[in-house]
file query26.pdb (PDB, C-alpha atoms, pLDDT in the B column)
MODEL        1
ATOM      1  CA  SER A   5      60.897  46.696 -98.613  1.00 49.00           C
ATOM      2  CA  LEU A   6      61.900  43.023 -98.536  1.00 53.00           C
ATOM      3  CA  ILE A   7      58.747  42.087 -96.631  1.00 56.00           C
ATOM      4  CA  ILE A   8      56.527  43.938 -99.101  1.00 59.00           C
ATOM      5  CA  SER A   9      58.094  42.123-102.038  1.00 63.00           C
ATOM      6  CA  LEU A  10      57.352  38.777-100.373  1.00 60.00           C
ATOM      7  CA  LEU A  11      53.635  39.523-100.009  1.00 63.00           C
ATOM      8  CA  PRO A  12      51.331  38.271-102.761  1.00 72.00           C
ATOM      9  CA  ARG A  13      49.900  40.941-105.025  1.00 76.00           C
ATOM     10  CA  ILE A  14      46.178  41.727-104.890  1.00 75.00           C
ATOM     11  CA  ASN A  15      44.430  42.541-108.139  1.00 77.00           C
ATOM     12  CA  LEU A  16      41.466  44.876-108.378  1.00 77.00           C
ATOM     13  CA  GLY A  17      39.503  42.010-109.926  1.00 80.00           C
ATOM     14  CA  ASP A  18      40.098  39.937-106.779  1.00 78.00           C
ATOM     15  CA  ILE A  19      38.489  42.483-104.486  1.00 80.00           C
ATOM     16  CA  SER A  20      35.953  44.160-106.785  1.00 82.00           C
ATOM     17  CA  SER A  21      33.199  41.817-105.625  1.00 85.00           C
ATOM     18  CA  PHE A  22      33.811  42.534-101.933  1.00 86.00           C
ATOM     19  CA  GLU A  23      31.221  44.600-100.115  1.00 87.00           C
ATOM     20  CA  ILE A  24      32.742  47.316 -97.989  1.00 86.00           C
ATOM     21  CA  ALA A  25      30.721  48.692 -95.109  1.00 90.00           C
ATOM     22  CA  LEU A  26      30.809  52.461 -94.819  1.00 91.00           C
ATOM     23  CA  PRO A  27      29.678  54.366 -91.745  1.00 94.00           C
ATOM     24  CA  LEU A  28      26.566  56.492 -92.017  1.00 96.00           C
ATOM     25  CA  LYS A  29      27.046  60.101 -93.082  1.00 96.00           C
ATOM     26  CA  THR A  30      26.222  61.242 -89.537  1.00 97.00           C
ATOM     27  CA  GLU A  31      28.957  59.017 -88.138  1.00 97.00           C
ATOM     28  CA  GLN A  32      31.392  60.230 -90.777  1.00 96.00           C
ATOM     29  CA  SER A  33      30.547  63.817 -89.835  1.00 97.00           C
ATOM     30  CA  LYS A  34      31.113  63.094 -86.149  1.00 97.00           C
ATOM     31  CA  VAL A  35      34.497  61.501 -86.869  1.00 97.00           C
ATOM     32  CA  ALA A  36      35.468  64.399 -89.141  1.00 97.00           C
ATOM     33  CA  LYS A  37      34.481  66.908 -86.436  1.00 98.00           C
ATOM     34  CA  ILE A  38      36.565  65.073 -83.833  1.00 98.00           C
ATOM     35  CA  LEU A  39      39.561  64.958 -86.186  1.00 97.00           C
ATOM     36  CA  LEU A  40      39.226  68.658 -87.038  1.00 98.00           C
ATOM     37  CA  THR A  41      39.048  69.518 -83.347  1.00 98.00           C
ATOM     38  CA  SER A  42      42.149  67.413 -82.698  1.00 98.00           C
ATOM     39  CA  ASP A  43      43.999  69.053 -85.603  1.00 98.00           C
ATOM     40  CA  HIS A  44      43.089  72.490 -84.275  1.00 98.00           C
ATOM     41  CA  SER A  45      44.310  71.529 -80.802  1.00 98.00           C
ATOM     42  CA  ILE A  46      47.585  70.223 -82.238  1.00 98.00           C
ATOM     43  CA  ASP A  47      48.069  73.442 -84.230  1.00 98.00           C
ATOM     44  CA  GLN A  48      47.413  75.566 -81.137  1.00 98.00           C
ATOM     45  CA  ASN A  49      49.878  73.515 -79.098  1.00 98.00           C
ATOM     46  CA  LYS A  50      52.523  73.849 -81.812  1.00 98.00           C
ATOM     47  CA  LEU A  51      52.087  77.634 -81.745  1.00 98.00           C
ATOM     48  CA  LEU A  52      52.337  77.674 -77.957  1.00 98.00           C
ATOM     49  CA  LYS A  53      55.466  75.515 -78.106  1.00 98.00           C
ATOM     50  CA  GLN A  54      57.103  77.942 -80.553  1.00 97.00           C
ATOM     51  CA  LYS A  55      56.225  80.903 -78.333  1.00 97.00           C
ATOM     52  CA  LEU A  56      57.610  79.150 -75.260  1.00 97.00           C
ATOM     53  CA  LEU A  57      60.811  78.161 -77.067  1.00 96.00           C
ATOM     54  CA  SER A  58      61.270  81.753 -78.195  1.00 96.00           C
ATOM     55  CA  LEU A  59      60.706  82.993 -74.635  1.00 95.00           C
ATOM     56  CA  LYS A  60      63.181  80.409 -73.312  1.00 95.00           C
ATOM     57  CA  ARG A  61      65.821  81.523 -75.821  1.00 95.00           C
ATOM     58  CA  GLY A  62      65.348  85.135 -74.771  1.00 93.00           C
ATOM     59  CA  LEU A  63      65.525  84.303 -71.079  1.00 91.00           C
ATOM     60  CA  MET A  64      68.618  82.142 -71.556  1.00 92.00           C
ATOM     61  CA  GLU A  65      70.281  84.972 -73.433  1.00 93.00           C
ATOM     62  CA  ASP A  66      69.435  87.371 -70.599  1.00 90.00           C
ATOM     63  CA  LEU A  67      70.903  84.929 -68.068  1.00 88.00           C
ATOM     64  CA  LEU A  68      74.060  84.280 -70.073  1.00 90.00           C
ATOM     65  CA  THR A  69      74.713  87.973 -70.697  1.00 90.00           C
ATOM     66  CA  GLY A  70      74.130  88.841 -67.053  1.00 85.00           C
ATOM     67  CA  LYS A  71      71.095  91.054 -67.669  1.00 88.00           C
ATOM     68  CA  VAL A  72      69.175  88.946 -65.184  1.00 81.00           C
ATOM     69  CA  CYS A  73      70.541  87.567 -61.938  1.00 80.00           C
ATOM     70  CA  VAL A  74      69.057  84.485 -60.249  1.00 77.00           C
ATOM     71  CA  ASN A  75      71.015  84.567 -56.996  1.00 77.00           C
ATOM     72  CA  SER A  76      67.976  85.831 -55.122  1.00 73.00           C
ATOM     73  CA  LEU A  77      65.995  82.813 -56.340  1.00 69.00           C
ATOM     74  CA  ILE A  78      68.589  80.338 -55.069  1.00 73.00           C
ATOM     75  CA  ASN A  79      68.351  81.449 -51.435  1.00 63.00           C
TER      76      ASN A  79
ENDMDL
END
call {"tool": "encode", "arguments": {"input": "query26.pdb", "output": "structure tokens"}}
result
Amino acid sequence: SLIISLLPRINLGDISSFEIALPLKTEQSKVAKILLTSDHSIDQNKLLKQKLLSLKRGLMEDLLTGKVCVNSLIN
């Protein structure tokens, strides 16, 4: 917050004459497709994480209550 207050302010009039290069529509579409694919992958991984955490909780409960024994796995 302190750093932001030390920066000079930029007025719209100062930058209105600047030309801003925009990517072609095809490039924008490619970037959007990549981002959508990444978002979908993130969403799928979040769902998988929730499922795995739920499974872990269930398995830990089984271990702590003695429903499942792991002695055979130790040997």
call {"tool": "atom_distance", "arguments": {"input": "query26.pdb", "atom1": "atom CA of A:Arg13", "atom2": "atom CA of A:Ala25"}}
result
22.9 Å
call {"tool": "atom_distance", "arguments": {"input": "query26.pdb", "atom1": "atom CA of A:Ser45", "atom2": "atom CA of A:Leu63"}}
result
26.6 Å
call {"tool": "atom_distance", "arguments": {"input": "query26.pdb", "atom1": "atom CA of A:Ser76", "atom2": "atom CA of A:Met64"}}
result
16.9 Å
call {"tool": "axis_aligned_box", "arguments": {"input": "query26.pdb", "around": "stretch 13-22 of chain A", "padding_each_side": "3 Å", "output": "AutoDock Vina command-line options"}}
result
--center_x 41.5 --center_y 42.4 --center_z -105.9 --size_x 22.7 --size_y 10.9 --size_z 14.0
call {"tool": "build_atoms", "arguments": {"input": "query26.pdb", "residues": "stretch 44-55 of chain A", "atoms": "all heavy atoms", "output": "compact mmCIF listing (two decimals), in the coordinates of the input"}}
result
# COMPACT_ATOMS: atom_id res chain seq x y z
N HIS A 44 43.04 71.11 -84.77
CA HIS A 44 43.09 72.49 -84.28
C HIS A 44 43.87 72.55 -82.96
O HIS A 44 44.70 73.43 -82.75
CB HIS A 44 41.67 73.04 -84.09
CG HIS A 44 41.62 74.43 -83.58
ND1 HIS A 44 42.00 75.51 -84.34
CD2 HIS A 44 41.27 74.93 -82.37
CE1 HIS A 44 41.86 76.62 -83.63
NE2 HIS A 44 41.43 76.28 -82.43
N SER A 45 43.60 71.58 -82.08
CA SER A 45 44.31 71.53 -80.80
C SER A 45 45.81 71.33 -81.01
O SER A 45 46.64 71.98 -80.35
CB SER A 45 43.74 70.40 -79.95
OG SER A 45 44.42 70.29 -78.73
N ILE A 46 46.17 70.46 -81.93
CA ILE A 46 47.58 70.22 -82.24
C ILE A 46 48.23 71.50 -82.77
O ILE A 46 49.34 71.87 -82.35
CB ILE A 46 47.74 69.07 -83.24
CG1 ILE A 46 47.38 67.75 -82.56
CG2 ILE A 46 49.15 69.01 -83.81
CD1 ILE A 46 47.23 66.58 -83.52
N ASP A 47 47.54 72.19 -83.68
CA ASP A 47 48.07 73.44 -84.23
C ASP A 47 48.28 74.49 -83.13
O ASP A 47 49.29 75.17 -83.10
CB ASP A 47 47.14 74.00 -85.31
CG ASP A 47 47.14 73.15 -86.57
OD1 ASP A 47 48.10 72.37 -86.77
OD2 ASP A 47 46.18 73.28 -87.36
N GLN A 48 47.30 74.60 -82.23
CA GLN A 48 47.41 75.57 -81.14
C GLN A 48 48.59 75.22 -80.22
O GLN A 48 49.33 76.11 -79.78
CB GLN A 48 46.11 75.62 -80.33
CG GLN A 48 44.93 76.20 -81.08
CD GLN A 48 45.19 77.63 -81.48
OE1 GLN A 48 45.64 78.45 -80.69
NE2 GLN A 48 44.91 77.95 -82.74
N ASN A 49 48.77 73.93 -79.95
CA ASN A 49 49.88 73.52 -79.10
C ASN A 49 51.23 73.74 -79.77
O ASN A 49 52.20 74.08 -79.11
CB ASN A 49 49.72 72.05 -78.69
CG ASN A 49 48.68 71.87 -77.62
OD1 ASN A 49 48.51 72.72 -76.75
ND2 ASN A 49 47.95 70.78 -77.68
N LYS A 50 51.28 73.57 -81.09
CA LYS A 50 52.52 73.85 -81.81
C LYS A 50 52.87 75.33 -81.73
O LYS A 50 54.04 75.70 -81.55
CB LYS A 50 52.40 73.42 -83.27
CG LYS A 50 52.50 71.93 -83.48
CD LYS A 50 52.39 71.58 -84.97
CE LYS A 50 52.49 70.09 -85.19
NZ LYS A 50 52.36 69.75 -86.63
N LEU A 51 51.85 76.19 -81.87
CA LEU A 51 52.09 77.63 -81.74
C LEU A 51 52.57 77.99 -80.34
O LEU A 51 53.51 78.78 -80.18
CB LEU A 51 50.81 78.41 -82.06
CG LEU A 51 50.42 78.50 -83.53
CD1 LEU A 51 49.04 79.16 -83.67
CD2 LEU A 51 51.45 79.29 -84.30
N LEU A 52 51.93 77.41 -79.34
CA LEU A 52 52.34 77.67 -77.96
C LEU A 52 53.76 77.20 -77.72
O LEU A 52 54.56 77.89 -77.08
CB LEU A 52 51.38 76.98 -76.98
CG LEU A 52 51.72 77.10 -75.50
CD1 LEU A 52 51.74 78.57 -75.07
CD2 LEU A 52 50.73 76.31 -74.66
N LYS A 53 54.10 76.04 -78.26
CA LYS A 53 55.47 75.52 -78.11
C LYS A 53 56.47 76.48 -78.71
O LYS A 53 57.52 76.76 -78.11
CB LYS A 53 55.58 74.15 -78.78
CG LYS A 53 56.97 73.55 -78.70
CD LYS A 53 57.06 72.24 -79.46
CE LYS A 53 58.50 71.76 -79.49
NZ LYS A 53 58.67 70.59 -80.34
N GLN A 54 56.19 77.00 -79.91
CA GLN A 54 57.10 77.94 -80.55
C GLN A 54 57.27 79.21 -79.72
O GLN A 54 58.37 79.73 -79.58
CB GLN A 54 56.62 78.28 -81.96
CG GLN A 54 56.77 77.14 -82.94
CD GLN A 54 58.22 76.68 -83.04
OE1 GLN A 54 59.16 77.46 -83.10
NE2 GLN A 54 58.40 75.37 -83.06
N LYS A 55 56.15 79.70 -79.17
CA LYS A 55 56.22 80.90 -78.33
C LYS A 55 57.07 80.64 -77.09
O LYS A 55 57.89 81.48 -76.69
CB LYS A 55 54.82 81.35 -77.93
CG LYS A 55 54.02 81.95 -79.05
CD LYS A 55 52.63 82.35 -78.56
CE LYS A 55 51.79 82.88 -79.70
NZ LYS A 55 50.42 83.22 -79.25
